[in-house]
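File shown here: model33.txt, holding compact mmCIF, C-alpha atoms.
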```
# COMPACT_ATOMS: atom_id res chain seq x y z
CA MET A 1 47.21 -23.89 -57.43
CA ILE A 2 47.20 -26.73 -59.95
CA GLU A 3 49.62 -29.64 -59.76
CA TYR A 4 52.55 -29.36 -62.12
CA LYS A 5 55.99 -30.77 -62.84
CA LEU A 6 58.78 -28.19 -62.79
CA VAL A 7 61.68 -28.66 -65.22
CA ARG A 8 64.58 -26.23 -64.88
CA SER A 9 67.20 -25.63 -67.55
CA SER A 10 69.41 -22.92 -69.05
CA ARG A 11 66.44 -21.51 -70.97
CA LYS A 12 65.65 -17.80 -70.59
CA THR A 13 61.85 -17.86 -70.52
CA LEU A 14 58.97 -19.62 -68.77
CA ALA A 15 56.79 -22.06 -70.70
CA ILE A 16 53.84 -24.30 -69.89
CA HIS A 17 53.25 -27.61 -71.65
CA ILE A 18 50.24 -29.92 -71.42
CA LEU A 19 51.62 -33.45 -71.74
CA ASP A 20 50.05 -36.47 -73.43
CA ASP A 21 48.45 -37.63 -70.17
CA ALA A 22 46.92 -34.14 -69.58
CA SER A 23 49.42 -33.35 -66.80
CA VAL A 24 51.10 -29.95 -66.64
CA GLU A 25 54.82 -29.35 -67.09
CA VAL A 26 56.36 -25.94 -66.44
CA ARG A 27 59.78 -25.19 -67.90
CA ALA A 28 61.77 -22.46 -66.20
CA PRO A 29 65.29 -20.96 -65.99
CA TYR A 30 67.51 -22.31 -63.23
CA GLN A 31 67.42 -19.13 -61.13
CA CYS A 32 63.76 -18.25 -61.59
CA PRO A 33 62.03 -17.90 -58.16
CA VAL A 34 59.10 -20.20 -57.43
CA SER A 35 56.96 -17.15 -56.65
CA VAL A 36 57.50 -15.85 -60.18
CA ILE A 37 56.72 -19.28 -61.66
CA GLU A 38 53.47 -19.62 -59.71
CA ASP A 39 52.41 -16.08 -60.59
CA PHE A 40 52.98 -17.00 -64.25
CA ILE A 41 50.88 -20.15 -63.79
CA ASN A 42 48.05 -18.22 -62.13
CA LYS A 43 47.88 -15.82 -65.06
CA LYS A 44 47.59 -18.78 -67.46
CA LEU A 45 45.06 -20.80 -65.44
CA SER A 46 42.16 -20.40 -67.88
CA TRP A 47 44.39 -21.45 -70.79
CA ILE A 48 45.75 -24.40 -68.80
CA GLU A 49 42.28 -25.66 -67.86
CA LYS A 50 41.11 -25.32 -71.45
CA LYS A 51 44.07 -27.30 -72.81
CA LYS A 52 43.78 -29.95 -70.10
CA ALA A 53 40.10 -30.41 -70.97
CA GLU A 54 40.94 -30.71 -74.68
CA ARG A 55 43.63 -33.30 -73.95
CA LYS A 56 41.29 -35.31 -71.70
CA ALA A 57 38.68 -35.25 -74.45
CA GLU A 58 41.29 -36.57 -76.89
CA ILE A 59 42.16 -39.35 -74.45
CA ASN A 60 38.50 -40.29 -74.03
CA GLY A 61 38.04 -40.28 -77.80
CA GLN A 62 41.12 -42.45 -78.16
CA LEU A 63 39.68 -44.98 -75.70
CA ALA A 64 36.46 -45.08 -77.71
CA ASN A 65 38.40 -45.76 -80.88
CA ASP A 66 40.31 -48.51 -79.10
CA ARG A 67 37.21 -50.66 -79.05
CA GLU A 68 36.80 -50.41 -82.82
CA PHE A 69 40.29 -51.28 -84.02
CA CYS A 70 40.25 -52.97 -87.42
CA ILE A 71 42.81 -52.86 -90.22
CA GLY A 72 41.48 -52.19 -93.68
CA GLU A 73 42.73 -53.17 -97.12
CA THR A 74 45.66 -50.75 -97.15
CA LEU A 75 48.20 -49.14 -94.81
CA LEU A 76 50.32 -46.04 -95.27
CA TYR A 77 54.06 -45.87 -95.77
CA ARG A 78 55.90 -42.65 -96.60
CA GLY A 79 52.79 -40.97 -98.00
CA ASP A 80 51.57 -43.83 -100.18
CA GLU A 81 49.08 -46.63 -99.64
CA TYR A 82 50.17 -50.25 -99.81
CA PRO A 83 47.94 -53.34 -99.86
CA VAL A 84 47.51 -55.49 -96.77
CA LYS A 85 48.12 -59.20 -97.31
CA LEU A 86 46.59 -61.45 -94.67
CA ILE A 87 48.75 -64.30 -93.39
CA ASP A 88 48.37 -67.15 -90.89
CA SER A 89 51.57 -66.22 -89.07
CA GLU A 90 51.47 -63.86 -86.08
CA VAL A 91 54.41 -61.84 -87.41
CA VAL A 92 53.68 -58.53 -89.13
CA GLY A 93 55.97 -57.26 -91.89
CA PHE A 94 56.47 -54.95 -94.86
CA ASN A 95 58.50 -55.63 -98.03
CA TYR A 96 58.02 -52.22 -99.72
CA LYS A 97 55.33 -53.76 -101.92
CA ALA A 98 52.77 -54.82 -99.33
CA PHE A 99 52.13 -55.13 -95.60
CA TYR A 100 51.86 -58.68 -94.26
CA VAL A 101 49.40 -58.79 -91.39
CA PRO A 102 48.16 -61.71 -89.23
CA LYS A 103 44.51 -62.51 -89.92
CA LYS A 104 43.66 -62.22 -86.23
CA LEU A 105 45.13 -58.73 -86.14
CA ALA A 106 43.31 -57.58 -89.26
CA ASN A 107 39.86 -58.45 -87.95
CA GLY A 108 40.51 -57.05 -84.51
CA SER A 109 40.12 -60.35 -82.66
CA MET A 110 43.55 -59.98 -81.05
CA GLY A 111 42.26 -56.98 -79.06
CA TYR A 112 43.17 -53.35 -79.45
CA ASP A 113 46.21 -53.27 -77.16
CA THR A 114 47.90 -56.17 -78.93
CA SER A 115 46.94 -55.11 -82.45
CA HIS A 116 47.97 -51.50 -81.96
CA ALA A 117 51.28 -52.47 -80.35
CA ILE A 118 52.19 -54.78 -83.23
CA ILE A 119 51.51 -52.14 -85.90
CA VAL A 120 53.26 -49.37 -83.94
CA ASP A 121 56.35 -51.53 -83.39
CA LEU A 122 56.52 -52.19 -87.12
CA TYR A 123 56.20 -48.51 -87.96
CA LYS A 124 58.86 -47.62 -85.37
CA ARG A 125 61.30 -50.00 -87.06
CA LEU A 126 60.44 -48.64 -90.49
CA ALA A 127 60.77 -45.00 -89.42
CA LEU A 128 64.10 -45.21 -87.61
CA PRO A 129 66.53 -45.29 -90.58
CA PHE A 130 65.08 -42.43 -92.61
CA VAL A 131 64.30 -40.28 -89.56
CA TRP A 132 67.93 -40.66 -88.51
CA ASP A 133 69.13 -39.76 -92.01
CA THR A 134 66.90 -36.69 -92.13
CA VAL A 135 68.00 -35.49 -88.70
CA LYS A 136 71.65 -35.91 -89.64
CA ARG A 137 71.20 -34.01 -92.90
CA TYR A 138 69.55 -31.01 -91.27
CA SER A 139 71.61 -31.05 -88.07
CA ASP A 140 74.76 -30.89 -90.22
CA LEU A 141 73.24 -28.02 -92.19
CA MET A 142 72.26 -26.15 -89.02
CA LYS A 143 75.47 -27.09 -87.19
CA LEU A 144 73.51 -28.61 -84.30
CA GLN A 145 74.03 -31.83 -82.43
CA PRO A 146 70.99 -33.40 -80.70
CA VAL A 147 71.78 -35.32 -77.53
CA SER A 148 69.91 -38.30 -78.96
CA VAL A 149 67.17 -39.21 -81.44
CA LYS A 150 64.38 -41.60 -80.47
CA ILE A 151 61.28 -43.01 -82.13
CA SER A 152 58.36 -43.00 -79.67
CA LYS A 153 54.86 -44.45 -79.44
CA ALA A 154 53.28 -40.97 -79.32
CA ARG A 155 49.93 -40.65 -81.11
CA LYS A 156 49.15 -36.97 -80.57
CA ARG A 157 52.52 -35.33 -81.23
CA TRP A 158 54.67 -35.79 -84.31
CA GLY A 159 57.81 -34.78 -82.49
CA SER A 160 59.20 -33.09 -79.39
CA CYS A 161 62.45 -31.64 -78.11
CA SER A 162 63.40 -31.97 -74.46
CA SER A 163 65.16 -29.22 -72.53
CA ASN A 164 68.47 -31.07 -72.87
CA GLY A 165 68.25 -31.43 -76.66
CA THR A 166 66.86 -34.95 -76.93
CA LEU A 167 64.61 -35.32 -79.98
CA ASN A 168 61.63 -37.66 -79.91
CA PHE A 169 59.75 -38.48 -83.10
CA SER A 170 56.50 -40.41 -83.39
CA TRP A 171 56.18 -43.69 -85.25
CA MET A 172 53.52 -41.85 -87.30
CA LEU A 173 56.31 -40.26 -89.35
CA ALA A 174 56.67 -43.61 -91.13
CA THR A 175 53.34 -42.80 -92.81
CA VAL A 176 54.20 -39.36 -94.25
CA ASN A 177 56.25 -38.32 -97.27
CA GLN A 178 59.72 -36.80 -97.13
CA GLN A 179 58.47 -33.25 -97.57
CA VAL A 180 56.41 -33.51 -94.39
CA LEU A 181 59.14 -35.38 -92.51
CA ASP A 182 61.64 -32.64 -93.35
CA TYR A 183 59.33 -30.04 -91.80
CA VAL A 184 58.87 -31.99 -88.54
CA VAL A 185 62.62 -32.57 -88.21
CA VAL A 186 63.51 -28.92 -88.87
CA HIS A 187 60.78 -27.81 -86.45
CA GLU A 188 62.20 -29.90 -83.62
CA LEU A 189 65.83 -29.05 -84.38
CA CYS A 190 64.93 -25.36 -84.13
CA HIS A 191 63.57 -26.05 -80.65
CA ILE A 192 67.12 -26.88 -79.54
CA ILE A 193 67.82 -23.17 -80.04
CA GLU A 194 64.39 -21.71 -79.26
CA HIS A 195 62.32 -23.69 -76.72
CA ASN A 196 59.08 -21.94 -77.65
CA HIS A 197 56.98 -20.84 -80.61
CA SER A 198 58.01 -17.21 -80.53
CA VAL A 199 58.55 -14.96 -83.54
CA ARG A 200 62.26 -15.76 -83.31
CA PHE A 201 61.48 -19.47 -83.48
CA TRP A 202 59.44 -19.17 -86.67
CA LYS A 203 62.04 -16.88 -88.22
CA LEU A 204 64.62 -19.57 -87.54
CA VAL A 205 62.42 -22.24 -89.13
CA GLU A 206 61.88 -19.99 -92.15
CA SER A 207 65.60 -19.41 -92.56
CA ILE A 208 66.08 -23.16 -93.01
CA MET A 209 62.81 -23.92 -94.77
CA PRO A 210 61.25 -20.90 -96.55
CA ASP A 211 58.11 -22.88 -97.50
CA TYR A 212 57.51 -24.18 -93.97
CA SER A 213 53.95 -22.80 -93.81
CA GLU A 214 52.92 -24.89 -96.82
CA ARG A 215 54.57 -27.96 -95.31
CA LYS A 216 52.80 -27.29 -92.02
CA GLN A 217 49.48 -27.53 -93.85
CA LEU A 218 50.62 -30.76 -95.50
CA LEU A 219 51.36 -32.14 -92.04
CA LYS A 220 47.84 -31.32 -90.86
CA ALA A 221 46.42 -33.06 -93.93
CA ALA A 222 48.63 -36.10 -93.24
CA GLY A 223 47.27 -36.23 -89.69
CA ARG A 224 43.68 -36.19 -90.91
CA ARG A 225 44.49 -38.91 -93.42
CA LEU A 226 46.09 -41.10 -90.77
CA MET A 227 43.04 -40.78 -88.52
CA MET A 228 41.02 -42.64 -91.16
CA TYR A 229 43.10 -45.75 -90.40
CA SER A 230 42.21 -45.74 -86.67
CA ILE A 231 45.74 -46.86 -85.81
```

Written form, structure tokens:
Amino acid sequence: MIEYKLVRSSRKTLAIHILDDASVEVRAPYQCPVSVIEDFINKKLSWIEKKKAERKAEINGQLANDREFCIGETLLYRGDEYPVKLIDSEVVGFNYKAFYVPKKLANGSMGYDTSHAIIVDLYKRLALPFVWDTVKRYSDLMKLQPVSVKISKARKRWGSCSSNGTLNFSWMLATVNQQVLDYVVVHELCHIIEHNHSVRFWKLVESIMPDYSERKQLLKAAGRRLMMYSI
């Protein structure tokens, strides 16, 4: 039996999630017997091993990219590119016309960990106001109330919804346009009701956003575009 973290809640079904660190999380109803949970896991072992291997490969690829961090001439904000202005200060900023980046950060001499953290912190600050506004707009429409809304440092997931209704959104959303942001927010809000990707879940998404499939493709394109920046 593989190692896994068990999270119980008022959900009605079993679900398996491979987390960012390649660990396994199993979500189960409160009264579900452990024997049933482990039988479910055993039936999904091949899928679990495949997804764990994929996640580990992503982590290894991420580490390889870490050694090559270098900021180019532009950075993304809300779907558009803005010029990078190099400055002697060690403070990074954005004035809606250009990004202001320390020279040491731009050429990678500050090291990946430091450079990445500085850019991510900036994007987290930029994303917070309009992510909050978007969540409020759609949560009012859907008559839902998330427990909380947070901006995370996640690089592989645009958003997530915990079993208690906490929404986490990646800093990467600061780089996409409103059309894509709307889709991610609606997707995660729907997970408050349906903690899975069942037919019922997608029907719920469609009821709020009839063109969700087109927006889903736009999100994939935004992800590929962001990868070019090696952030």

Counting only C-alpha atoms, the residue of A:Ile119, A:Leu167, A:Leu75, A:Val199 that sits nearest Lys150 of chain A: A:Leu167

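One distance worth recording is that between atom CA of Val36 of chain A and atom CA of Ser9 of chain A, which is 15.6 Å.
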
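Considering the residues A:Asp20, A:Asp211, A:Glu3, A:Asp133 and counting all atoms listed in the file, Arg155 of chain A has its shortest atom-to-atom contact with A:Asp20.
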
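When all atoms listed in the file are used to measure the gap to Leu173 of chain A, the shortest distance among A:Glu188, A:Val149, A:Tyr123, A:Tyr138 belongs to A:Tyr123.
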
Pick from A:Ala222, A:Ile87, A:Ile193, A:Ala28 nearest to Lys143 of chain A, counting all atoms listed in the file: A:Ile193

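Using only C-alpha atoms, the smallest distance between any of A:Ser46, A:Thr74, A:Gln217, A:Asn177 and Thr134 of chain A comes from A:Asn177.
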
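By chain and then residue number, the residues within 9 Å of Cys190 of chain A are Met142, Val185, Val186, His187, Ile193, Glu194, His195, Phe201, Trp202, Leu204 and Val205 of chain A, counting only C-alpha atoms and disregarding those fewer than 3 positions away in sequence.
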
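Coordinates place atom CA of Lys153 of chain A at a distance of 9.6 Å from atom CA of Asn168 of chain A.
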
Contacts of Cys32 of chain A at 10 Å (all atoms listed in the file; same-chain gap of 3+ positions) as a count of residues only: 9

All residues 7 Å or closer to Leu6 of chain A, all atoms listed in the file, same chain fewer than 2 positions away omitted, as a short mmCIF file (atom, residue, chain, number, x, y, z; two decimals) with C-alpha atoms, keeping the file's coordinate frame:
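Heads up, here's the output in result-v6.cif:
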```cif
data_model
loop_
_atom_site.label_atom_id
_atom_site.label_comp_id
_atom_site.auth_asym_id
_atom_site.auth_seq_id
_atom_site.Cartn_x
_atom_site.Cartn_y
_atom_site.Cartn_z
CA TYR A 4 52.55 -29.36 -62.12
CA ARG A 8 64.58 -26.23 -64.88
CA GLU A 25 54.82 -29.35 -67.09
CA VAL A 26 56.36 -25.94 -66.44
CA ARG A 27 59.78 -25.19 -67.90
#
```

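Between atom CA of Lys220 of chain A and atom CA of Ile151 of chain A the interatomic distance comes to 19.8 Å.
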
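Contact shell of Lys216 of chain A at 10 Å (all atoms listed in the file; same-chain neighbours under 2 positions omitted): A:Gln179, A:Val180, A:Tyr183, A:Val184, A:His187, A:Asp211, A:Tyr212, A:Ser213, A:Glu214, A:Leu218, A:Leu219, A:Lys220, A:Ala221, A:Ala222.
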
Of the listed residues A:Lys85, A:Val92, A:Asp121, A:Leu189, that which approaches Val135 of chain A most closely, counting only C-alpha atoms: A:Leu189

Write out as an mmCIF file with C-alpha atoms, in the frame of the given file the residues lying within 12 Å of Leu45 of chain A, counting only C-alpha atoms and excluding same-chain residues fewer than 4 positions away.
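Output contents, as saved in selection-v8.cif:
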```cif
data_model
loop_
_atom_site.group_PDB
_atom_site.id
_atom_site.type_symbol
_atom_site.label_atom_id
_atom_site.label_comp_id
_atom_site.auth_asym_id
_atom_site.auth_seq_id
_atom_site.Cartn_x
_atom_site.Cartn_y
_atom_site.Cartn_z
ATOM 1 C CA MET A 1 47.210 -23.890 -57.430
ATOM 2 C CA ILE A 2 47.200 -26.730 -59.950
ATOM 3 C CA GLU A 3 49.620 -29.640 -59.760
ATOM 4 C CA TYR A 4 52.550 -29.360 -62.120
ATOM 5 C CA ILE A 16 53.840 -24.300 -69.890
ATOM 6 C CA VAL A 24 51.100 -29.950 -66.640
ATOM 7 C CA GLU A 38 53.470 -19.620 -59.710
ATOM 8 C CA ASP A 39 52.410 -16.080 -60.590
ATOM 9 C CA PHE A 40 52.980 -17.000 -64.250
ATOM 10 C CA ILE A 41 50.880 -20.150 -63.790
ATOM 11 C CA GLU A 49 42.280 -25.660 -67.860
ATOM 12 C CA LYS A 50 41.110 -25.320 -71.450
ATOM 13 C CA LYS A 51 44.070 -27.300 -72.810
ATOM 14 C CA LYS A 52 43.780 -29.950 -70.100
#
```
